[in-house]
Amino acid sequence: MTDYRRILVAIDLSEASGPVLEQSLHLSRSLGAELHLLHVVEYIPVEPMGEALLPAVDIEQELAEGARRRLEELASQAGAAEHERQVVTGSVKSEVIRVAEELEADLIVIGSKERHGLGVMVNLTEDTILHAAPCDVLAVRVRR
């Protein structure tokens, strides 16, 4: 069995983040593992090379700052204020993998939502992370 020493939890800041963070906290405490909280701001400007680039950068920075505040709030409410928190901008799929590799994480914890209809056939974020991860992945079932 793998000893999990560094756990990366990808938080989307939705209401479903609470149970994902709680499960991650429980694991890190019971295993004595480091816990790293990550949120990825996935902002794509409508016109990346046009005159709107400067305002898009400002909007991206505002989104990242808002995400930092929300992540701090969520960590504080869950009793995880002492754990490392990070907000990055980019593709959720690639940034979660990049940060996991950078941290040398032993486990990535993500939320997994039930899919219906066309959602079953679409390659969603959790599927991509599962198959590209450099370590084990725990998908916490998020109920609606």
# chains A, B, ... in the order shown; residues from 1 in each chain; ligands from 1

$ select_by_dssp --residues "chain A" --states "alpha helix (DSSP H)" --output "JSON, numbers by chain"
{"A": [17, 18, 19, 20, 21, 22, 23, 24, 25, 26, 27, 28, 29, 30, 31, 53, 54, 55, 56, 57, 58, 59, 60, 61, 62, 63, 64, 65, 66, 67, 68, 69, 70, 71, 72, 73, 74, 75, 76, 77, 78, 92, 93, 94, 95, 96, 97, 98, 99, 100, 101, 102, 103, 125, 126, 127, 128, 129, 130, 131, 132]}

$ write_last_selection --atoms "C-alpha atoms" --output "compact mmCIF listing (two decimals), in the first residue's frame"
# COMPACT_ATOMS: atom_id res chain seq x y z
CA SER A 17 -16.10 21.82 -2.50
CA GLY A 18 -17.04 21.36 1.15
CA PRO A 19 -17.35 17.55 1.11
CA VAL A 20 -14.26 17.22 -1.12
CA LEU A 21 -12.21 19.35 1.27
CA GLU A 22 -13.59 17.53 4.34
CA GLN A 23 -12.62 14.14 2.91
CA SER A 24 -9.17 15.46 2.03
CA LEU A 25 -8.68 16.88 5.53
CA HIS A 26 -9.72 13.60 7.10
CA LEU A 27 -7.24 11.70 4.94
CA SER A 28 -4.36 14.09 5.58
CA ARG A 29 -4.93 14.05 9.33
CA SER A 30 -5.28 10.28 9.59
CA LEU A 31 -2.19 9.69 7.42
CA LEU A 53 -6.36 42.11 -24.29
CA LEU A 54 -5.61 44.61 -21.51
CA PRO A 55 -9.13 44.51 -20.03
CA ALA A 56 -9.06 40.70 -20.34
CA VAL A 57 -5.87 40.59 -18.28
CA ASP A 58 -7.51 42.83 -15.67
CA ILE A 59 -10.57 40.58 -15.57
CA GLU A 60 -8.35 37.50 -15.23
CA GLN A 61 -6.51 39.09 -12.29
CA GLU A 62 -9.82 40.03 -10.66
CA LEU A 63 -11.09 36.47 -11.07
CA ALA A 64 -7.89 35.09 -9.54
CA GLU A 65 -8.09 37.50 -6.60
CA GLY A 66 -11.74 36.63 -6.00
CA ALA A 67 -10.83 32.93 -6.11
CA ARG A 68 -8.04 33.49 -3.55
CA ARG A 69 -10.49 35.17 -1.19
CA ARG A 70 -13.06 32.39 -1.63
CA LEU A 71 -10.41 29.67 -1.14
CA GLU A 72 -9.20 31.39 2.06
CA GLU A 73 -12.80 31.55 3.28
CA LEU A 74 -13.47 27.90 2.45
CA ALA A 75 -10.22 26.76 4.09
CA SER A 76 -11.00 28.77 7.21
CA GLN A 77 -14.54 27.37 7.48
CA ALA A 78 -13.29 23.80 7.08
CA VAL A 92 -7.87 22.96 -15.09
CA LYS A 93 -6.74 19.64 -16.51
CA SER A 94 -3.17 20.64 -17.28
CA GLU A 95 -2.66 22.80 -14.19
CA VAL A 96 -3.79 20.10 -11.76
CA ILE A 97 -1.34 17.67 -13.38
CA ARG A 98 1.46 20.27 -13.47
CA VAL A 99 1.05 21.21 -9.81
CA ALA A 100 0.84 17.54 -8.76
CA GLU A 101 4.12 16.86 -10.56
CA GLU A 102 5.71 20.00 -9.10
CA LEU A 103 4.68 19.05 -5.54
CA THR A 125 -11.99 17.05 -16.28
CA GLU A 126 -11.95 14.22 -13.76
CA ASP A 127 -11.46 11.62 -16.52
CA THR A 128 -8.54 13.52 -17.99
CA ILE A 129 -6.91 13.97 -14.58
CA LEU A 130 -7.42 10.30 -13.75
CA HIS A 131 -5.63 9.13 -16.89
CA ALA A 132 -2.85 11.75 -16.94

$ residues_around --residues "His83 in chain A" --least-positions-apart "5" --cutoff "8 Å" --atoms "only C-alpha atoms" --output "JSON, numbers by chain"
{"A": [34, 35, 36, 37]}

$ write_last_selection --atoms "N, CA and C atoms" --output "PDB file, in the first residue's frame"
ATOM      1  N   GLU A  34       0.897  15.981   4.223  1.00  0.00           N
ATOM      2  CA  GLU A  34       0.739  17.389   3.877  1.00  0.00           C
ATOM      3  C   GLU A  34      -0.488  17.517   2.974  1.00  0.00           C
ATOM      4  N   LEU A  35      -1.194  18.623   3.119  1.00  0.00           N
ATOM      5  CA  LEU A  35      -2.356  18.866   2.267  1.00  0.00           C
ATOM      6  C   LEU A  35      -2.158  20.188   1.545  1.00  0.00           C
ATOM      7  N   HIS A  36      -2.338  20.167   0.237  1.00  0.00           N
ATOM      8  CA  HIS A  36      -2.201  21.362  -0.601  1.00  0.00           C
ATOM      9  C   HIS A  36      -3.529  21.581  -1.307  1.00  0.00           C
ATOM     10  N   LEU A  37      -4.096  22.769  -1.151  1.00  0.00           N
ATOM     11  CA  LEU A  37      -5.360  23.115  -1.796  1.00  0.00           C
ATOM     12  C   LEU A  37      -5.066  23.903  -3.061  1.00  0.00           C
TER      13      LEU A  37
END

$ residues_around --residues "range 134-142 of chain A" --least-positions-apart "4" --cutoff "6 Å" --atoms "only C-alpha atoms" --output "ChimeraX atom specification"
/A:20,106-113
